[in-house]
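The data block below is work.pdb; it holds PDB, C-alpha atoms.
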```
MODEL        1
ATOM      1  CA  MET A   1     -35.080  -1.356  -1.614
ATOM      2  CA  PRO A   2     -32.495  -2.011  -4.329
ATOM      3  CA  LEU A   3     -28.871  -0.965  -3.977
ATOM      4  CA  PRO A   4     -28.657   2.696  -5.142
ATOM      5  CA  LEU A   5     -26.846   2.708  -8.499
ATOM      6  CA  ILE A   6     -26.504   5.845 -10.619
ATOM      7  CA  TYR A   7     -26.271   5.922 -14.434
ATOM      8  CA  HIS A   8     -27.318   8.008 -17.447
ATOM      9  CA  GLU A   9     -27.264   7.218 -21.148
ATOM     10  CA  ASP A  10     -25.297  10.446 -21.709
ATOM     11  CA  TYR A  11     -22.241   8.685 -20.224
ATOM     12  CA  SER A  12     -21.112   7.037 -23.472
ATOM     13  CA  PRO A  13     -21.395   9.627 -26.271
ATOM     14  CA  ASP A  14     -20.208   8.770 -29.778
ATOM     15  CA  PHE A  15     -16.428   8.672 -29.713
ATOM     16  CA  PRO A  16     -13.569   7.760 -32.057
ATOM     17  CA  PRO A  17     -13.412   3.941 -31.763
ATOM     18  CA  GLU A  18      -9.613   3.871 -31.994
ATOM     19  CA  HIS A  19      -9.154   6.361 -29.136
ATOM     20  CA  ARG A  20      -7.215   5.208 -26.049
ATOM     21  CA  PHE A  21      -9.995   6.278 -23.702
ATOM     22  CA  PRO A  22     -12.725   3.579 -23.639
ATOM     23  CA  MET A  23     -15.759   5.884 -23.703
ATOM     24  CA  ASP A  24     -18.151   2.997 -24.379
ATOM     25  CA  LYS A  25     -17.206   1.250 -21.114
ATOM     26  CA  PHE A  26     -19.935   3.049 -19.160
ATOM     27  CA  ARG A  27     -22.700   1.755 -21.414
ATOM     28  CA  LEU A  28     -21.150  -1.717 -21.468
ATOM     29  CA  LEU A  29     -20.903  -1.670 -17.670
ATOM     30  CA  ARG A  30     -24.594  -0.857 -17.413
ATOM     31  CA  ASP A  31     -25.425  -3.690 -19.842
ATOM     32  CA  HIS A  32     -23.264  -6.111 -17.862
ATOM     33  CA  LEU A  33     -24.897  -5.203 -14.539
ATOM     34  CA  VAL A  34     -28.376  -5.624 -16.026
ATOM     35  CA  ASP A  35     -27.490  -8.897 -17.776
ATOM     36  CA  SER A  36     -25.902 -10.333 -14.628
ATOM     37  CA  GLY A  37     -28.880  -9.427 -12.436
ATOM     38  CA  VAL A  38     -27.202  -6.805 -10.253
ATOM     39  CA  THR A  39     -29.810  -4.222 -11.266
ATOM     40  CA  GLN A  40     -32.766  -3.575 -13.534
ATOM     41  CA  PRO A  41     -32.994  -0.604 -15.912
ATOM     42  CA  ALA A  42     -35.942   0.865 -14.002
ATOM     43  CA  ASP A  43     -33.960   0.822 -10.739
ATOM     44  CA  LEU A  44     -31.022   2.880 -12.019
ATOM     45  CA  LEU A  45     -31.135   6.444 -10.677
ATOM     46  CA  ARG A  46     -30.697   9.158 -13.308
ATOM     47  CA  PRO A  47     -28.718  12.263 -12.360
ATOM     48  CA  GLN A  48     -29.258  15.874 -13.297
ATOM     49  CA  LEU A  49     -26.564  18.036 -14.881
ATOM     50  CA  CYS A  50     -24.318  19.454 -12.178
ATOM     51  CA  PRO A  51     -25.100  23.191 -11.837
ATOM     52  CA  ARG A  52     -22.250  25.526 -12.769
ATOM     53  CA  GLU A  53     -22.275  27.147  -9.358
ATOM     54  CA  VAL A  54     -21.631  23.729  -7.793
ATOM     55  CA  LEU A  55     -18.791  23.012 -10.255
ATOM     56  CA  ALA A  56     -17.370  26.405  -9.272
ATOM     57  CA  LEU A  57     -16.963  25.254  -5.673
ATOM     58  CA  ALA A  58     -13.928  23.289  -6.903
ATOM     59  CA  HIS A  59     -13.081  24.879 -10.255
ATOM     60  CA  CYS A  60     -12.226  28.296 -11.686
ATOM     61  CA  PRO A  61     -15.389  29.814 -13.255
ATOM     62  CA  ASP A  62     -13.345  30.999 -16.233
ATOM     63  CA  TYR A  63     -12.033  27.465 -16.811
ATOM     64  CA  ILE A  64     -15.577  26.043 -16.625
ATOM     65  CA  GLU A  65     -16.714  28.562 -19.235
ATOM     66  CA  ARG A  66     -13.712  27.924 -21.506
ATOM     67  CA  TYR A  67     -14.307  24.191 -21.479
ATOM     68  CA  LEU A  68     -18.062  24.330 -22.038
ATOM     69  CA  SER A  69     -17.567  26.867 -24.866
ATOM     70  CA  ALA A  70     -14.908  24.734 -26.613
ATOM     71  CA  GLU A  71     -12.265  27.392 -26.017
ATOM     72  CA  LEU A  72      -9.541  25.388 -24.283
ATOM     73  CA  SER A  73      -5.989  26.312 -25.231
ATOM     74  CA  ARG A  74      -3.986  23.892 -27.345
ATOM     75  CA  GLU A  75      -1.903  23.067 -24.262
ATOM     76  CA  ASP A  76      -5.006  22.226 -22.238
ATOM     77  CA  GLN A  77      -6.349  20.071 -25.073
ATOM     78  CA  ARG A  78      -3.038  18.194 -25.124
ATOM     79  CA  ARG A  79      -3.125  17.679 -21.337
ATOM     80  CA  LEU A  80      -6.697  16.410 -21.507
ATOM     81  CA  GLY A  81      -6.323  13.999 -24.411
ATOM     82  CA  LEU A  82     -10.035  13.936 -25.338
ATOM     83  CA  PRO A  83     -11.602  15.509 -28.460
ATOM     84  CA  TRP A  84     -14.182  18.176 -27.551
ATOM     85  CA  SER A  85     -17.837  17.806 -28.542
ATOM     86  CA  GLU A  86     -21.114  19.119 -27.159
ATOM     87  CA  ALA A  87     -22.053  15.559 -26.238
ATOM     88  CA  LEU A  88     -18.803  15.105 -24.295
ATOM     89  CA  ALA A  89     -19.310  18.423 -22.489
ATOM     90  CA  ARG A  90     -22.839  17.387 -21.490
ATOM     91  CA  ARG A  91     -21.592  13.948 -20.447
ATOM     92  CA  THR A  92     -18.938  15.561 -18.270
ATOM     93  CA  ILE A  93     -21.256  17.732 -16.195
ATOM     94  CA  ARG A  94     -23.885  14.956 -16.091
ATOM     95  CA  ALA A  95     -21.303  12.564 -14.628
ATOM     96  CA  VAL A  96     -20.346  15.059 -11.902
ATOM     97  CA  GLY A  97     -24.051  15.311 -11.130
ATOM     98  CA  GLY A  98     -24.087  11.502 -10.966
ATOM     99  CA  SER A  99     -21.288  11.383  -8.412
ATOM    100  CA  LEU A 100     -23.091  14.022  -6.367
ATOM    101  CA  LEU A 101     -26.327  12.028  -6.447
ATOM    102  CA  ALA A 102     -24.428   8.854  -5.516
ATOM    103  CA  ALA A 103     -22.845  10.598  -2.522
ATOM    104  CA  GLU A 104     -26.230  11.855  -1.326
ATOM    105  CA  GLN A 105     -27.686   8.363  -1.716
ATOM    106  CA  ALA A 106     -24.795   6.947   0.324
ATOM    107  CA  LEU A 107     -25.433   9.463   3.104
ATOM    108  CA  GLN A 108     -29.097   8.483   3.100
ATOM    109  CA  HIS A 109     -28.749   4.689   2.806
ATOM    110  CA  GLY A 110     -25.173   3.886   3.861
ATOM    111  CA  LEU A 111     -23.934   2.647   0.477
ATOM    112  CA  ALA A 112     -24.289   3.713  -3.161
ATOM    113  CA  CYS A 113     -22.280   3.254  -6.345
ATOM    114  CA  HIS A 114     -21.887   5.286  -9.501
ATOM    115  CA  LEU A 115     -21.352   3.697 -12.935
ATOM    116  CA  ALA A 116     -18.800   6.449 -13.680
ATOM    117  CA  GLY A 117     -16.730   8.998 -11.718
ATOM    118  CA  GLY A 118     -13.315   9.219 -10.146
ATOM    119  CA  THR A 119     -11.914  12.018 -12.345
ATOM    120  CA  HIS A 120      -9.006  12.748 -10.029
ATOM    121  CA  HIS A 121      -6.536  14.336 -12.482
ATOM    122  CA  ALA A 122      -8.707  17.416 -13.137
ATOM    123  CA  HIS A 123      -7.210  20.522 -11.492
ATOM    124  CA  TYR A 124      -8.720  23.818 -10.365
ATOM    125  CA  ASP A 125      -8.233  25.578 -13.679
ATOM    126  CA  TYR A 126      -7.062  22.989 -16.199
ATOM    127  CA  PRO A 127      -7.789  19.413 -17.301
ATOM    128  CA  ALA A 128      -5.366  16.481 -17.380
ATOM    129  CA  GLY A 129      -5.242  12.747 -18.001
ATOM    130  CA  PHE A 130      -8.747  12.365 -19.525
ATOM    131  CA  CYS A 131     -10.259  14.310 -16.575
ATOM    132  CA  ILE A 132     -12.119  17.613 -17.063
ATOM    133  CA  PHE A 133     -13.908  18.360 -13.773
ATOM    134  CA  ASN A 134     -12.924  16.684 -10.510
ATOM    135  CA  ASP A 135     -16.057  15.027  -9.164
ATOM    136  CA  MET A 136     -14.467  14.022  -5.845
ATOM    137  CA  ALA A 137     -13.377  17.587  -5.100
ATOM    138  CA  VAL A 138     -16.784  18.941  -6.154
ATOM    139  CA  ILE A 139     -18.605  16.438  -3.896
ATOM    140  CA  SER A 140     -16.349  17.289  -0.967
ATOM    141  CA  HIS A 141     -16.748  21.048  -1.264
ATOM    142  CA  TYR A 142     -20.493  20.806  -1.859
ATOM    143  CA  LEU A 143     -21.280  18.492   1.061
ATOM    144  CA  LEU A 144     -19.046  20.437   3.452
ATOM    145  CA  ALA A 145     -20.477  23.813   2.381
ATOM    146  CA  ALA A 146     -24.043  22.506   2.673
ATOM    147  CA  GLY A 147     -23.369  21.176   6.166
ATOM    148  CA  LYS A 148     -24.294  17.630   5.082
ATOM    149  CA  VAL A 149     -20.967  16.320   6.391
ATOM    150  CA  GLY A 150     -18.418  17.641   8.849
ATOM    151  CA  LYS A 151     -15.561  15.604   7.443
ATOM    152  CA  VAL A 152     -15.066  13.561   4.268
ATOM    153  CA  LEU A 153     -12.278  11.103   3.463
ATOM    154  CA  ILE A 154     -11.329  10.293  -0.134
ATOM    155  CA  PHE A 155      -9.846   6.810  -0.414
ATOM    156  CA  ASP A 156      -8.360   6.727  -3.912
ATOM    157  CA  CYS A 157      -7.255   3.271  -5.078
ATOM    158  CA  ASP A 158      -6.802   4.151  -8.753
ATOM    159  CA  VAL A 159      -3.341   3.038  -9.922
ATOM    160  CA  HIS A 160      -2.443   6.683 -10.700
ATOM    161  CA  GLN A 161      -1.993   9.326  -8.019
ATOM    162  CA  GLY A 162      -4.985  11.607  -7.404
ATOM    163  CA  ASP A 163      -2.945  14.740  -8.055
ATOM    164  CA  GLY A 164      -5.809  17.053  -8.999
ATOM    165  CA  THR A 165      -7.832  16.078  -5.940
ATOM    166  CA  ALA A 166      -4.825  16.606  -3.660
ATOM    167  CA  ARG A 167      -4.154  20.096  -5.029
ATOM    168  CA  ILE A 168      -7.765  21.315  -5.111
ATOM    169  CA  LEU A 169      -8.380  20.161  -1.534
ATOM    170  CA  ALA A 170      -4.941  21.048  -0.121
ATOM    171  CA  ASP A 171      -6.371  23.905   1.948
ATOM    172  CA  THR A 172      -9.567  22.116   2.993
ATOM    173  CA  PRO A 173      -8.716  20.424   6.303
ATOM    174  CA  ASP A 174     -12.075  18.638   6.562
ATOM    175  CA  ALA A 175     -11.506  16.826   3.245
ATOM    176  CA  ILE A 176      -8.836  14.156   3.795
ATOM    177  CA  THR A 177      -7.122  12.944   0.616
ATOM    178  CA  VAL A 178      -5.627   9.437   0.596
ATOM    179  CA  SER A 179      -3.968   8.040  -2.540
ATOM    180  CA  LEU A 180      -2.719   4.449  -2.939
ATOM    181  CA  HIS A 181      -0.957   4.410  -6.283
ATOM    182  CA  CYS A 182       1.829   2.796  -8.243
ATOM    183  CA  GLU A 183       4.973   4.788  -7.489
ATOM    184  CA  LYS A 184       6.350   4.841 -11.045
ATOM    185  CA  ASN A 185       3.345   5.889 -13.093
ATOM    186  CA  PHE A 186       1.389   8.922 -14.329
ATOM    187  CA  PRO A 187       1.570  11.724 -13.300
ATOM    188  CA  ALA A 188       5.335  12.131 -13.432
ATOM    189  CA  ARG A 189       5.176  15.045 -10.984
ATOM    190  CA  LYS A 190       3.160  13.948  -7.972
ATOM    191  CA  ALA A 191       1.124  16.286  -5.790
ATOM    192  CA  GLN A 192       1.021  15.996  -1.999
ATOM    193  CA  SER A 193      -2.074  14.265  -0.655
ATOM    194  CA  ASP A 194      -2.783  14.199   3.060
ATOM    195  CA  TRP A 195      -1.716  10.561   2.860
ATOM    196  CA  ASP A 196       0.243   9.215  -0.115
ATOM    197  CA  ILE A 197       0.914   5.475  -0.174
ATOM    198  CA  PRO A 198       3.215   4.772  -3.157
ATOM    199  CA  LEU A 199       3.330   1.112  -4.173
ATOM    200  CA  PRO A 200       6.087  -0.770  -6.040
ATOM    201  CA  MET A 201       5.504  -1.941  -9.597
ATOM    202  CA  GLY A 202       4.334  -5.538  -9.896
ATOM    203  CA  MET A 203       2.630  -5.718  -6.481
ATOM    204  CA  GLY A 204       0.129  -8.579  -6.332
ATOM    205  CA  ASP A 205      -3.025  -9.383  -4.410
ATOM    206  CA  ALA A 206      -1.775 -10.373  -0.962
ATOM    207  CA  ALA A 207       0.703  -7.526  -0.435
ATOM    208  CA  TYR A 208      -1.723  -4.949  -1.855
ATOM    209  CA  LEU A 209      -4.635  -6.093   0.302
ATOM    210  CA  ALA A 210      -2.469  -5.929   3.417
ATOM    211  CA  VAL A 211      -1.696  -2.258   2.648
ATOM    212  CA  VAL A 212      -5.377  -1.451   2.088
ATOM    213  CA  ASP A 213      -6.391  -3.163   5.326
ATOM    214  CA  ASP A 214      -3.668  -1.452   7.364
ATOM    215  CA  ALA A 215      -4.476   1.960   5.903
ATOM    216  CA  LEU A 216      -8.191   1.702   6.692
ATOM    217  CA  ASN A 217      -7.563   0.329  10.190
ATOM    218  CA  TYR A 218      -5.431   3.383  10.903
ATOM    219  CA  LEU A 219      -7.177   6.197   9.019
ATOM    220  CA  LEU A 220     -10.863   5.561   9.705
ATOM    221  CA  PRO A 221     -10.542   5.620  13.521
ATOM    222  CA  LEU A 222      -8.123   8.555  13.258
ATOM    223  CA  TYR A 223     -10.434  10.836  11.237
ATOM    224  CA  ARG A 224     -13.894   9.336  11.822
ATOM    225  CA  PRO A 225     -15.270  10.823   8.568
ATOM    226  CA  ASP A 226     -18.971  11.277   7.904
ATOM    227  CA  LEU A 227     -18.517   9.909   4.352
ATOM    228  CA  VAL A 228     -15.865   7.939   2.487
ATOM    229  CA  ILE A 229     -15.559   8.610  -1.241
ATOM    230  CA  TYR A 230     -13.979   5.473  -2.701
ATOM    231  CA  ASP A 231     -12.254   5.592  -6.099
ATOM    232  CA  ALA A 232     -12.303   1.932  -7.121
ATOM    233  CA  GLY A 233     -10.028   2.209 -10.166
ATOM    234  CA  VAL A 234      -9.445  -1.150 -11.874
ATOM    235  CA  ASP A 235      -6.233  -0.008 -13.561
ATOM    236  CA  VAL A 236      -4.535  -1.899 -10.707
ATOM    237  CA  HIS A 237      -5.491  -5.090 -12.588
ATOM    238  CA  GLN A 238      -2.793  -7.274 -14.119
ATOM    239  CA  ASP A 239      -4.416  -6.976 -17.574
ATOM    240  CA  ASP A 240      -4.814  -3.182 -17.553
ATOM    241  CA  ALA A 241      -3.160  -1.291 -20.406
ATOM    242  CA  LEU A 242      -2.001   1.700 -18.307
ATOM    243  CA  GLY A 243      -1.264   0.270 -14.854
ATOM    244  CA  TYR A 244       1.756  -1.554 -13.454
ATOM    245  CA  LEU A 245       0.294  -3.532 -10.564
ATOM    246  CA  LYS A 246      -0.687  -7.204 -10.755
ATOM    247  CA  LEU A 247      -4.062  -7.634  -9.081
ATOM    248  CA  THR A 248      -6.367 -10.418 -10.233
ATOM    249  CA  ASP A 249     -10.166 -10.292 -10.402
ATOM    250  CA  ALA A 250     -10.199 -11.919  -6.960
ATOM    251  CA  GLY A 251      -7.815  -9.262  -5.631
ATOM    252  CA  VAL A 252      -9.911  -6.378  -6.953
ATOM    253  CA  THR A 253     -13.059  -7.971  -5.500
ATOM    254  CA  ALA A 254     -11.367  -8.466  -2.117
ATOM    255  CA  ARG A 255     -10.186  -4.826  -2.139
ATOM    256  CA  ASP A 256     -13.656  -3.470  -2.868
ATOM    257  CA  GLU A 257     -15.260  -5.628  -0.177
ATOM    258  CA  CYS A 258     -12.533  -4.677   2.290
ATOM    259  CA  VAL A 259     -13.119  -0.943   1.788
ATOM    260  CA  MET A 260     -16.894  -1.182   2.021
ATOM    261  CA  ARG A 261     -16.876  -3.488   5.056
ATOM    262  CA  HIS A 262     -14.353  -1.333   6.922
ATOM    263  CA  CYS A 263     -16.578   1.708   6.394
ATOM    264  CA  LEU A 264     -19.930   0.097   7.061
ATOM    265  CA  GLY A 265     -18.557  -1.773  10.079
ATOM    266  CA  ARG A 266     -17.890   1.650  11.613
ATOM    267  CA  ASP A 267     -21.247   3.087  10.469
ATOM    268  CA  ILE A 268     -19.497   5.331   7.937
ATOM    269  CA  PRO A 269     -21.418   5.786   4.657
ATOM    270  CA  VAL A 270     -19.366   4.961   1.556
ATOM    271  CA  VAL A 271     -19.878   5.889  -2.102
ATOM    272  CA  GLY A 272     -18.096   3.916  -4.822
ATOM    273  CA  LEU A 273     -16.859   5.530  -8.062
ATOM    274  CA  ILE A 274     -15.385   3.407 -10.833
ATOM    275  CA  GLY A 275     -12.153   5.337 -11.516
ATOM    276  CA  GLY A 276      -9.702   4.327 -14.235
ATOM    277  CA  GLY A 277      -9.566   1.188 -16.321
ATOM    278  CA  TYR A 278      -8.109   0.717 -19.802
ATOM    279  CA  SER A 279      -8.242  -2.170 -22.239
ATOM    280  CA  LYS A 280      -8.922  -2.817 -25.896
ATOM    281  CA  ASP A 281     -11.211  -5.632 -24.766
ATOM    282  CA  ARG A 282     -14.072  -3.402 -23.693
ATOM    283  CA  GLN A 283     -16.355  -6.243 -22.571
ATOM    284  CA  ALA A 284     -13.654  -7.572 -20.243
ATOM    285  CA  LEU A 285     -13.076  -4.044 -18.959
ATOM    286  CA  ALA A 286     -16.790  -3.566 -18.229
ATOM    287  CA  ARG A 287     -16.837  -6.822 -16.262
ATOM    288  CA  ARG A 288     -13.751  -5.673 -14.329
ATOM    289  CA  HIS A 289     -15.435  -2.378 -13.374
ATOM    290  CA  GLY A 290     -18.546  -4.352 -12.454
ATOM    291  CA  LEU A 291     -16.664  -6.175  -9.694
ATOM    292  CA  LEU A 292     -17.342  -3.105  -7.513
ATOM    293  CA  HIS A 293     -21.085  -3.253  -8.056
ATOM    294  CA  HIS A 294     -21.279  -7.027  -7.611
ATOM    295  CA  SER A 295     -19.427  -6.669  -4.296
ATOM    296  CA  ALA A 296     -21.669  -3.801  -3.225
ATOM    297  CA  LYS A 297     -24.788  -5.799  -4.099
ATOM    298  CA  ARG A 298     -23.605  -8.758  -1.987
ATOM    299  CA  ILE A 299     -22.886  -6.499   0.981
ATOM    300  CA  TRP A 300     -26.143  -4.593   0.518
ATOM    301  CA  SER A 301     -28.199  -7.784   0.359
ATOM    302  CA  ALA A 302     -26.481  -9.286   3.415
ATOM    303  CA  ASP A 303     -26.193  -6.232   5.659
ATOM    304  CA  LEU A 304     -28.287  -3.294   4.518
ATOM    305  CA  GLY A 305     -31.089  -4.301   2.193
TER     306      GLY A 305
ENDMDL
END
```
Kindly return the structure encoded in the file as structure tokens.
Amino acid sequence: MPLPLIYHEDYSPDFPPEHRFPMDKFRLLRDHLVDSGVTQPADLLRPQLCPREVLALAHCPDYIERYLSAELSREDQRRLGLPWSEALARRTIRAVGGSLLAAEQALQHGLACHLAGGTHHAHYDYPAGFCIFNDMAVISHYLLAAGKVGKVLIFDCDVHQGDGTARILADTPDAITVSLHCEKNFPARKAQSDWDIPLPMGMGDAAYLAVVDDALNYLLPLYRPDLVIYDAGVDVHQDDALGYLKLTDAGVTARDECVMRHCLGRDIPVVGLIGGGYSKDRQALARRHGLLHHSAKRIWSADLG
């Protein structure tokens, strides 16, 4: 069977072209993966909208209603940084549904990747940093509540700290939050993850990969999770507009393969989410995000397919 990849055309609604958030990157990523032979359109799995009661496992019901009804306060709109529209609201809950489907596919097949996800700055009752609902917190609460996992580990390699995830899951001992992030970067006020690994600005491939390898060698045997949720943010890349690390394409590829091989080598299912990535060159950005899916396809074909 083909590598489980999850995508929906709702992911790239019409958006102001000059906006800092590259909303078209999801569609361009899909096009890149089809054009490069990683997948075929008919093989992409299409998610449902995430039900409100599932969103409410990780978010305040009043906040969910305020967002979906376009009634966010001015302060919340400023924190979020995205202009509201019905299409964006639908895209948001569709993408959480996509991460949920990807996680279930990973539990079933060992490995799956989403063409979106990783919205780790969304908090229990307010948005932040382009993130509205926190898909990783929703997945964790849902799978734990449903008894589909006994323990989940979030391995967040986005260049920014996963502050929303850390706070939402602070009192959930069976959801382990791990954040490898650039020390001097957004958010200014960090939360407390179960494991925070702050990295110095300018860190390159070799030093970064050593940290990733050491962290996985320690944490996976320690916790023995039933699922790893991997935020494969590419804002660690040397050409990213909002990150301060210096990874190359080869470094990002090596990181993604390292995470997936560590998990699969211990028979731990892993789901990949694309996380953050920012560039005015949207085609280059789509290719950068696609490094995850190319790596997953190679591993799937060699080990699992």
Skipping near chain neighbours, those fewer than 4 positions away, what residues fall within 8 Å of range 295-304 of chain A using only C-alpha atoms, listed as a VMD selection string? chain A and resid 3 38 110 to 113 253 256 to 257 260 to 261 291
Using only C-alpha atoms, which residues sit within 7 Å of Tyr63 in chain A once same-chain residues fewer than 3 positions away are excluded, as an MDAnalysis selection string? chainID A and resid 60 66:67 125:126
Could you make a table, as CSV, of the residues of range 33-115 of chain A that have an atom within 12 Å of an atom of range 160-169 of chain A, each with its nearest atom pair and distance in Å to one decimal, counting all atoms listed in the file, in chain and number order?
```
residue,atom,partner,partner_atom,distance
A:Ala56,CA,A:Ile168,CA,11.6
A:Leu57,CA,A:Ile168,CA,10.0
A:Ala58,CA,A:Ile168,CA,6.7
A:His59,CA,A:Ile168,CA,8.2
A:Cys60,CA,A:Ile168,CA,10.6
```
Name every residue that the PyMOL selection byres ((chain A and resi 107) around 10) selects in this structure, writing the answer as a list in words with chains first and numbers rising. Leu101, Ala102, Ala103, Glu104, Gln105, Ala106, Gln108, His109, Gly110, Leu111, Ala112, Lys148, Val149, Asp226, Leu227, Val228, Ile268, Pro269, Val270 and Val271 of chain A
Atoms kept (C-alpha atoms) for selection, written as an mmCIF file, keeping the file's coordinate frame:
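Output contents, as saved in part_37.cif:
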```cif
data_model
loop_
_atom_site.group_PDB
_atom_site.id
_atom_site.type_symbol
_atom_site.label_atom_id
_atom_site.label_comp_id
_atom_site.auth_asym_id
_atom_site.auth_seq_id
_atom_site.Cartn_x
_atom_site.Cartn_y
_atom_site.Cartn_z
ATOM 1 C CA LEU A 101 -26.327 12.028 -6.447
ATOM 2 C CA ALA A 102 -24.428 8.854 -5.516
ATOM 3 C CA ALA A 103 -22.845 10.598 -2.522
ATOM 4 C CA GLU A 104 -26.230 11.855 -1.326
ATOM 5 C CA GLN A 105 -27.686 8.363 -1.716
ATOM 6 C CA ALA A 106 -24.795 6.947 0.324
ATOM 7 C CA GLN A 108 -29.097 8.483 3.100
ATOM 8 C CA HIS A 109 -28.749 4.689 2.806
ATOM 9 C CA GLY A 110 -25.173 3.886 3.861
ATOM 10 C CA LEU A 111 -23.934 2.647 0.477
ATOM 11 C CA ALA A 112 -24.289 3.713 -3.161
ATOM 12 C CA LYS A 148 -24.294 17.630 5.082
ATOM 13 C CA VAL A 149 -20.967 16.320 6.391
ATOM 14 C CA ASP A 226 -18.971 11.277 7.904
ATOM 15 C CA LEU A 227 -18.517 9.909 4.352
ATOM 16 C CA VAL A 228 -15.865 7.939 2.487
ATOM 17 C CA ILE A 268 -19.497 5.331 7.937
ATOM 18 C CA PRO A 269 -21.418 5.786 4.657
ATOM 19 C CA VAL A 270 -19.366 4.961 1.556
ATOM 20 C CA VAL A 271 -19.878 5.889 -2.102
#
```
For a test of reading the model, state the distance in Å between CA of Arg94 in chain A and CA of His294 in chain A, rounded to one decimal. 23.7 Å
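When CA of Arg46 in chain A is paired with CA of Leu153 in chain A, their separation reads 25.0 Å.
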Quick check, in Å to one decimal: how far apart do CA of Val211 in chain A and CA of Pro198 in chain A lie? 10.4 Å
Please write as a ChimeraX atom specification the full residue list that the PyMOL selection byres ((chain A and resi 213-225) around 12) yields on this file. /A:107,140,144,148-157,173-180,194-197,206-212,226-230,254-270
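Nearest to Met201 in chain A of all the residues A:Gly243, A:Pro16, A:Pro187, A:Gly98 is A:Gly243, based on only C-alpha atoms.
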Report as JSON the centre and the edge lengths, in Å to one decimal, of the axis-aligned box holding every listed atom of range 34-49 of chain A, padded by 5 Å on each side.
```
{"center_x": -30.9, "center_y": 3.9, "center_z": -14.0, "size_x": 20.0, "size_y": 38.4, "size_z": 17.5}
```
What does the PyMOL selection byres ((chain A and resi 274) around 12) select in this file, as a PyMOL selection string? chain A and resi 5-7+25-26+29+95+98-99+102+112-120+135-136+156-158+229-235+252+256+271-273+275-278+285-293
Select all residues near (-21.2, 16.6, -10.9) (cut-off 8 Å, inclusive, file coordinates), counting all atoms listed in the file, and output them as JSON, numbers by chain. {"A": [49, 50, 51, 54, 55, 92, 93, 94, 95, 96, 97, 98, 99, 100, 135, 138, 139]}
Kindly save the residues from that selection, with C-alpha atoms included, as a JSON list (two decimals), keeping the file's coordinate frame.
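part_19.json, written as the output of this step:
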```json
[["chain", "number", "residue", "atom", "x", "y", "z"],
["A", 49, "LEU", "CA", -26.56, 18.04, -14.88],
["A", 50, "CYS", "CA", -24.32, 19.45, -12.18],
["A", 51, "PRO", "CA", -25.10, 23.19, -11.84],
["A", 54, "VAL", "CA", -21.63, 23.73, -7.79],
["A", 55, "LEU", "CA", -18.79, 23.01, -10.26],
["A", 92, "THR", "CA", -18.94, 15.56, -18.27],
["A", 93, "ILE", "CA", -21.26, 17.73, -16.20],
["A", 94, "ARG", "CA", -23.88, 14.96, -16.09],
["A", 95, "ALA", "CA", -21.30, 12.56, -14.63],
["A", 96, "VAL", "CA", -20.35, 15.06, -11.90],
["A", 97, "GLY", "CA", -24.05, 15.31, -11.13],
["A", 98, "GLY", "CA", -24.09, 11.50, -10.97],
["A", 99, "SER", "CA", -21.29, 11.38, -8.41],
["A", 100, "LEU", "CA", -23.09, 14.02, -6.37],
["A", 135, "ASP", "CA", -16.06, 15.03, -9.16],
["A", 138, "VAL", "CA", -16.78, 18.94, -6.15],
["A", 139, "ILE", "CA", -18.60, 16.44, -3.90]]
```
Glu75 in chain A environment, 12 Å, all atoms listed in the file, sequence neighbours closer than 5 positions dropped, as an mmCIF file with C-alpha atoms, keeping the file's coordinate frame:
```cif
data_model
loop_
_atom_site.group_PDB
_atom_site.id
_atom_site.type_symbol
_atom_site.label_atom_id
_atom_site.label_comp_id
_atom_site.auth_asym_id
_atom_site.auth_seq_id
_atom_site.Cartn_x
_atom_site.Cartn_y
_atom_site.Cartn_z
ATOM 1 C CA LEU A 80 -6.697 16.410 -21.507
ATOM 2 C CA GLY A 81 -6.323 13.999 -24.411
ATOM 3 C CA TYR A 126 -7.062 22.989 -16.199
ATOM 4 C CA PRO A 127 -7.789 19.413 -17.301
ATOM 5 C CA ALA A 128 -5.366 16.481 -17.380
#
```
Considering all atoms listed in the file, return as a PDB file with C-alpha atoms, in the coordinates of the input whatever protein or nucleic-acid residues lie within 7 Å of Ser12 in chain A, sequence-local ones (same chain, fewer than 5 positions apart) excluded.
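To be explicit, this is the file written out as around-v1.pdb:
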```pdb
ATOM      1  CA  MET A  23     -15.759   5.884 -23.703  1.00  0.00           C
ATOM      2  CA  ASP A  24     -18.151   2.997 -24.379  1.00  0.00           C
ATOM      3  CA  PHE A  26     -19.935   3.049 -19.160  1.00  0.00           C
ATOM      4  CA  ARG A  27     -22.700   1.755 -21.414  1.00  0.00           C
TER       5      ARG A  27
END
```
Where atoms are absent from range 54-58 of chain A, fill them in so it carries N, CA and C atoms, then output it as a PDB file, keeping the file's coordinate frame.
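To be explicit, this is the file written out as result_26.pdb:
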```pdb
ATOM      1  N   VAL A  54     -22.182  24.834  -8.593  1.00  0.00           N
ATOM      2  CA  VAL A  54     -21.631  23.729  -7.793  1.00  0.00           C
ATOM      3  C   VAL A  54     -20.256  23.333  -8.337  1.00  0.00           C
ATOM      4  N   LEU A  55     -20.116  23.251  -9.660  1.00  0.00           N
ATOM      5  CA  LEU A  55     -18.791  23.012 -10.255  1.00  0.00           C
ATOM      6  C   LEU A  55     -17.786  24.056  -9.768  1.00  0.00           C
ATOM      7  N   ALA A  56     -18.256  25.292  -9.637  1.00  0.00           N
ATOM      8  CA  ALA A  56     -17.370  26.405  -9.272  1.00  0.00           C
ATOM      9  C   ALA A  56     -16.924  26.353  -7.812  1.00  0.00           C
ATOM     10  N   LEU A  57     -17.475  25.449  -7.020  1.00  0.00           N
ATOM     11  CA  LEU A  57     -16.963  25.254  -5.673  1.00  0.00           C
ATOM     12  C   LEU A  57     -15.559  24.657  -5.699  1.00  0.00           C
ATOM     13  N   ALA A  58     -15.235  23.946  -6.795  1.00  0.00           N
ATOM     14  CA  ALA A  58     -13.928  23.289  -6.903  1.00  0.00           C
ATOM     15  C   ALA A  58     -13.123  23.744  -8.113  1.00  0.00           C
TER      16      ALA A  58
END
```
